[in-house]
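Chemist: Here it is, the structure, as C-alpha cells.
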Amino acid sequence: MCVVPIVALALVQTAGSAEPRADGAHGVVAASTTTQAADPAPAHPELRAVFEAFGGKPGLDALMEDFMVLLLADEQLNPFFAYVDQAAVKKHLADQFCVILGGDCTYTGRDMREAHALFEIREAEFNRLVELLQAAMERRGVPFAAQNRLLAVLAPMQRDVVNK
Ligand code: HEM
C-alpha cells in the first residue's frame, strides 16, 4: 500500500490585536504565543468532485462504519476508541469530511484540539489512523486520487491532534 506522507505544518501564532477583548477589558492585547485551534472543518468547494467520488454523504457514512470496525480491531488504536461514543464519532467524522469536501452538511462536533485533549496521541498513532483510513477507503473502492486529495487536507490537522 502506498503511504502518503503527512506534512507537519508550523504552528499558527496569534498576532497582537487592538480589538476590544472578548472579556470586556480594553486596550491593546499583546502578541501571545498561545495558539489558536484551526477550523475543524475548513470547506473546500473545489473538492466537490472528490465528495462525489466518495459516494456523497451516504458514501461517507458507510466509510465511517468500515473505519470504526478497523479502528476497534486494531491493537494500537482500540484503546482510544473502545470506550467512547462510537456513534457520535462516526457521525461527526462523516459530517466533518462532508463539509471539508464541499458537501452540504454541518459539522457540530468539537474543534480538533478539544476533541482529542483527553488523550495522549503520538505521531505514530496518527500515522496508524491514517493507514486504517486508507484501508477503509480502499475497501470501499474510493479512487486513489480522491483518497489522496482528502488526506492532503487532513494532514495539517496533525498539529491539533498530536499532543504527546
Ligand atoms: C486527521 C486526523 C483526525 C481527524 C480528522 C479526527 C477527527 C475527529 C472527530 C471529528 C471527532 C469527533 C469529535 C466530537 O465528537 O466532538 C474525533 C473524536 C475522537 N478522535 Fe479523532 N481525529 C483524527 C485523529 C485521531 C487520532 C490519531 C486519534 C487517536 C489515535 C483520535 C482519537 C479520537 C477519539 C478517541 C475520539 C473520541 C473523543 C471523545 O468522544 O471524547 N483521533 N476525531
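Chain labels run A, B, ... following the order of the C-alpha cells; each chain numbers its residues from 1, and ligands are numbered from 1 in the order shown.
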Ligand 1: which residues are within 6 Å, counting only C-alpha atoms and all ligand atoms? Reply as a list in words.

Modeler: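 Those within range of ligand 1 are Leu77, Phe80, Phe81, Val84, Asp85, Ala88, Val89, His92, Leu93, Gln96, Gly109, Arg110, Ala115, His116, Ile121, Glu125, Phe126, Leu129, Leu154, Met157, Gln158 and Val161 of chain A.
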
Chemist: As a list in words, please: the residues near A:Glu52 (cut-off 12 Å, only C-alpha atoms, same-chain neighbours under 6 positions excluded).

Modeler: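 Answer for this query is Pro45, Glu46, Pro58, Gly59, Leu60, Cys98, Leu101, Gly102, Gly103, Asp104, Val142, Pro143, Ala146 and Gln147 of chain A.
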
Chemist: For the selection just defined, write its residues with C-alpha atoms to a file, as a PDB file, in the first residue's frame.

Modeler:
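Written out: again.pdb:
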```pdb
ATOM      1  CA  PRO A  45     -15.732  23.748  -2.531  1.00  0.00           C
ATOM      2  CA  GLU A  46     -13.172  22.885  -5.186  1.00  0.00           C
ATOM      3  CA  PRO A  58     -24.136   8.105   2.113  1.00  0.00           C
ATOM      4  CA  GLY A  59     -20.674   7.023   0.962  1.00  0.00           C
ATOM      5  CA  LEU A  60     -19.030   8.870   3.849  1.00  0.00           C
ATOM      6  CA  CYS A  98     -18.581  16.124   4.111  1.00  0.00           C
ATOM      7  CA  LEU A 101     -15.153  18.071   0.660  1.00  0.00           C
ATOM      8  CA  GLY A 102     -17.640  20.806  -0.211  1.00  0.00           C
ATOM      9  CA  GLY A 103     -20.774  18.839   0.638  1.00  0.00           C
ATOM     10  CA  ASP A 104     -23.932  20.383   2.040  1.00  0.00           C
ATOM     11  CA  VAL A 142     -12.620   5.128  -3.391  1.00  0.00           C
ATOM     12  CA  PRO A 143     -10.312   6.036  -6.291  1.00  0.00           C
ATOM     13  CA  ALA A 146      -9.642  11.015  -4.376  1.00  0.00           C
ATOM     14  CA  GLN A 147      -8.133   9.329  -1.296  1.00  0.00           C
TER      15      GLN A 147
END
```

Chemist: Could you pull out the residues in stretch 33-62 of chain A that DSSP calls alpha helix (DSSP H) from the backbone, as a list in words?

Modeler: Arg48, Ala49, Val50, Phe51, Glu52, Ala53, Gly56, Lys57, Pro58, Gly59, Leu60, Asp61 and Ala62 of chain A

Chemist: Could the residues in this selection be written to a file with N, CA and C atoms, as a tab-separated table (two decimals), in the first residue's frame?

Modeler:
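File selection-v5.tsv, as written:
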```
chain	number	residue	atom	x	y	z
A	48	ARG	N	-15.49	19.28	-4.54
A	48	ARG	CA	-16.83	18.70	-4.72
A	48	ARG	C	-16.79	17.40	-5.55
A	49	ALA	N	-15.91	17.36	-6.55
A	49	ALA	CA	-15.81	16.14	-7.36
A	49	ALA	C	-15.27	14.99	-6.52
A	50	VAL	N	-14.40	15.33	-5.57
A	50	VAL	CA	-13.87	14.30	-4.66
A	50	VAL	C	-14.99	13.77	-3.76
A	51	PHE	N	-15.85	14.70	-3.30
A	51	PHE	CA	-17.02	14.32	-2.50
A	51	PHE	C	-17.87	13.31	-3.28
A	52	GLU	N	-18.09	13.58	-4.54
A	52	GLU	CA	-18.88	12.65	-5.38
A	52	GLU	C	-18.17	11.30	-5.50
A	53	ALA	N	-16.83	11.35	-5.62
A	53	ALA	CA	-16.07	10.10	-5.76
A	53	ALA	C	-16.17	9.23	-4.50
A	56	GLY	N	-20.75	10.71	-2.06
A	56	GLY	CA	-21.55	11.71	-1.34
A	56	GLY	C	-21.67	11.37	0.14
A	57	LYS	N	-22.67	11.93	0.79
A	57	LYS	CA	-22.83	11.72	2.24
A	57	LYS	C	-23.09	10.25	2.58
A	58	PRO	N	-23.95	9.53	1.79
A	58	PRO	CA	-24.14	8.11	2.11
A	58	PRO	C	-22.82	7.33	2.04
A	59	GLY	N	-21.97	7.69	1.09
A	59	GLY	CA	-20.67	7.02	0.96
A	59	GLY	C	-19.80	7.29	2.18
A	60	LEU	N	-19.84	8.53	2.67
A	60	LEU	CA	-19.03	8.87	3.85
A	60	LEU	C	-19.56	8.16	5.10
A	61	ASP	N	-20.88	8.08	5.22
A	61	ASP	CA	-21.47	7.36	6.37
A	61	ASP	C	-21.02	5.89	6.35
A	62	ALA	N	-21.07	5.29	5.17
A	62	ALA	CA	-20.67	3.88	5.03
A	62	ALA	C	-19.17	3.73	5.31
```

Chemist: Compile the contact shell of A:Leu132 as a PyMOL selection string: residues with an atom at most 9 Å away, counting only C-alpha atoms, same-chain residues fewer than 2 positions apart removed.

Modeler: chain A and resi 67+70-71+74+127-130+134-137
